[in-house]
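Undergrad: Shown below is the structure under consideration.
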Amino acid sequence: MAGDFRRAHGAGGDAGAGEGEAKGQDIGARLRELRKMYGLSQRELAKRAGVTNGTISLIEQNRISPSIGSLKKVLGGFPISIADFLTLDLKPRAKVFYAAKELREIAGGDVSFRLVGRDTRGRAIQMMHERYKPGADTGEEMLSHAGEECGIVISGVLELTVGGEIRRLVPGDAYYFDSRLPHRFHNPGTVDCVVVSACTPPSF
């Protein structure tokens, strides 16, 4: 059981500041798509940005080409920087939503780790649904790896050892620590312990 766990766990500023026109992209289409993503009407965005409703309409129709300063003011209604506005992929290409059955089991046995997403390559965060059966333990040998990790206990009791400090956590309690510190997880209770955790960078 401990072996399975170890294999799983693993031992800007605005662009183009200054006046001038924002060119080179379909500014109107991007603004319209971003506004719809935020669920705003033209009137609501205009009010937030402190511009007229007509200004938003004309930009979205590409009937006027806003200056950098004017575009920055409009984007302040979200808010979003010009750099992000011009580079953000407004239509996510990667999978966003996962049904419970799609979480990938990477440990199994007395300690279950179910990973959000089947592949952590290119990701900055690793998120998991963890379950420890009564008496389950990550092993006598302490874990240690580069990164940071945190979690919240959903049910049961989790005994967590970090850098020589031991604490029993109950539902609603949480932890956050530097993963380079030796650490160990144990369920001392009589029912399953469930934890939702995150680690950056991904450790596997």
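Chain labels run A, B, ... following the order of the structure tokens; each chain numbers its residues from 1, and ligands are numbered from 1 in the order shown.
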Taking 6 positions as the minimum chain separation for residues in the same chain, which residues sit within 12 Å of A:Lys36 when counting only C-alpha atoms? Answer as a ChimeraX atom specification.
TA: /A:29-30,42,44-45,60,78,90-91
Undergrad: Find the residues around A:Arg63 up to 12 Å (only C-alpha atoms counted), leave out those fewer than 2 positions away in its own chain, and share them as a tab-separated table (two decimals) with C-alpha atoms, in the first residue's frame.
TA:
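Generated file (part_32.tsv):
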```tsv
chain	number	residue	atom	x	y	z
A	26	ASP	CA	-9.89	41.61	-34.55
A	27	ILE	CA	-10.30	43.79	-31.48
A	28	GLY	CA	-14.06	44.04	-31.90
A	29	ALA	CA	-14.65	40.29	-32.01
A	54	GLY	CA	-22.11	53.59	-28.17
A	55	THR	CA	-18.35	53.33	-27.72
A	56	ILE	CA	-18.57	49.65	-26.83
A	57	SER	CA	-20.92	49.01	-29.76
A	58	LEU	CA	-18.68	50.78	-32.27
A	59	ILE	CA	-15.55	48.95	-31.10
A	60	GLU	CA	-17.27	45.56	-31.29
A	61	GLN	CA	-18.42	46.32	-34.83
A	65	SER	CA	-10.15	51.55	-33.86
A	66	PRO	CA	-9.53	52.44	-30.21
```
Undergrad: Quick one: everything within 8 Å of stretch 187-194 of chain A, counting only C-alpha atoms, minus sequence neighbours fewer than 3 positions away in the same chain. Send it as a list in words.
TA: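 My reading of the contact set: His129, Glu130, Arg131, Tyr132, Lys133, Pro134, Gly135, Ala136, Asp137, Val153, Ile154, Ser155, Gly156, Val157, Leu158 and Glu159 of chain A.
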Undergrad: Would you export the selected residues with N, CA and C atoms as a compact mmCIF listing (two decimals), in the first residue's frame, please?
TA:
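Produced file again23.txt, reproduced below:
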```
# COMPACT_ATOMS: atom_id res chain seq x y z
N HIS A 129 -8.50 14.03 -5.27
CA HIS A 129 -9.46 13.60 -4.27
C HIS A 129 -8.82 12.40 -3.60
N GLU A 130 -8.49 12.54 -2.31
CA GLU A 130 -7.77 11.49 -1.59
C GLU A 130 -8.70 10.78 -0.61
N ARG A 131 -8.49 9.46 -0.46
CA ARG A 131 -9.26 8.69 0.51
C ARG A 131 -8.32 7.73 1.24
N TYR A 132 -8.34 7.79 2.57
CA TYR A 132 -7.52 6.92 3.41
C TYR A 132 -8.45 6.02 4.22
N LYS A 133 -8.31 4.71 4.09
CA LYS A 133 -9.11 3.79 4.87
C LYS A 133 -8.62 3.82 6.32
N PRO A 134 -9.44 3.37 7.28
CA PRO A 134 -9.02 3.37 8.69
C PRO A 134 -7.67 2.66 8.85
N GLY A 135 -6.75 3.33 9.51
CA GLY A 135 -5.43 2.78 9.74
C GLY A 135 -4.45 2.98 8.59
N ALA A 136 -4.92 3.49 7.47
CA ALA A 136 -4.04 3.67 6.30
C ALA A 136 -2.95 4.69 6.60
N ASP A 137 -1.80 4.46 6.02
CA ASP A 137 -0.63 5.29 6.29
C ASP A 137 0.23 5.36 5.04
N VAL A 153 -9.61 18.74 4.85
CA VAL A 153 -10.23 17.48 5.25
C VAL A 153 -11.74 17.60 5.06
N ILE A 154 -12.31 16.67 4.31
CA ILE A 154 -13.74 16.68 4.04
C ILE A 154 -14.50 15.82 5.04
N SER A 155 -13.93 14.66 5.37
CA SER A 155 -14.56 13.78 6.35
C SER A 155 -13.50 12.91 7.02
N GLY A 156 -13.84 12.37 8.21
CA GLY A 156 -12.89 11.55 8.93
C GLY A 156 -11.84 12.36 9.65
N VAL A 157 -10.76 11.67 10.04
CA VAL A 157 -9.66 12.31 10.77
C VAL A 157 -8.35 12.03 10.04
N LEU A 158 -7.54 13.07 9.87
CA LEU A 158 -6.24 12.91 9.22
C LEU A 158 -5.15 13.33 10.20
N GLU A 159 -4.21 12.41 10.45
CA GLU A 159 -3.05 12.74 11.27
C GLU A 159 -1.90 13.07 10.32
```
Undergrad: Would you please extract all helix (DSSP H, G or I) residues from stretch 17-145 of chain A, as assigned by DSSP on the backbone, and give them as a PyMOL selection string?
TA: chain A and resi 27-37+42-49+53-60+68-75+82-87+100-102
Undergrad: Considering only C-alpha atoms, can you say which of A:His183, A:Asp110, A:Asp119, A:Ile80 comes closest to A:Tyr38?
TA: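 Ranking A:His183, A:Asp110, A:Asp119, A:Ile80 by distance to A:Tyr38, first place goes to A:Ile80.
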Undergrad: At a cut-off of 8 Å, using only C-alpha atoms, what residues contact A:Arg43? Leave out same-chain residues fewer than 4 positions from it and give the result as a ChimeraX atom specification.
TA: /A:47,52-53
Undergrad: If we count only C-alpha atoms and set the cut-off at 9 Å, which residues sit around A:Ala124, ignoring sequence neighbours fewer than 4 positions away in its own chain? Please answer as an MDAnalysis selection string.
TA: chainID A and resid 120 199:202
Undergrad: May I ask for the distance between atom CA of A:Leu34 and atom CA of A:Ile82, given in Å to one decimal place?
TA: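 Interatomic distance, atom CA of A:Leu34 to atom CA of A:Ile82: 12.4 Å.
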Undergrad: Could you check which of A:Gly109, A:Gly139, A:Pro79, A:Pro182 is closest to A:Gly163, using only C-alpha atoms?
TA: A:Pro182
Undergrad: Mind giving me the straight-line distance from atom CA of A:Tyr176 to atom CA of A:Ile152 in Å, one decimal?
TA: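 According to the coordinates, atom CA of A:Tyr176 and atom CA of A:Ile152 are separated by 9.2 Å.
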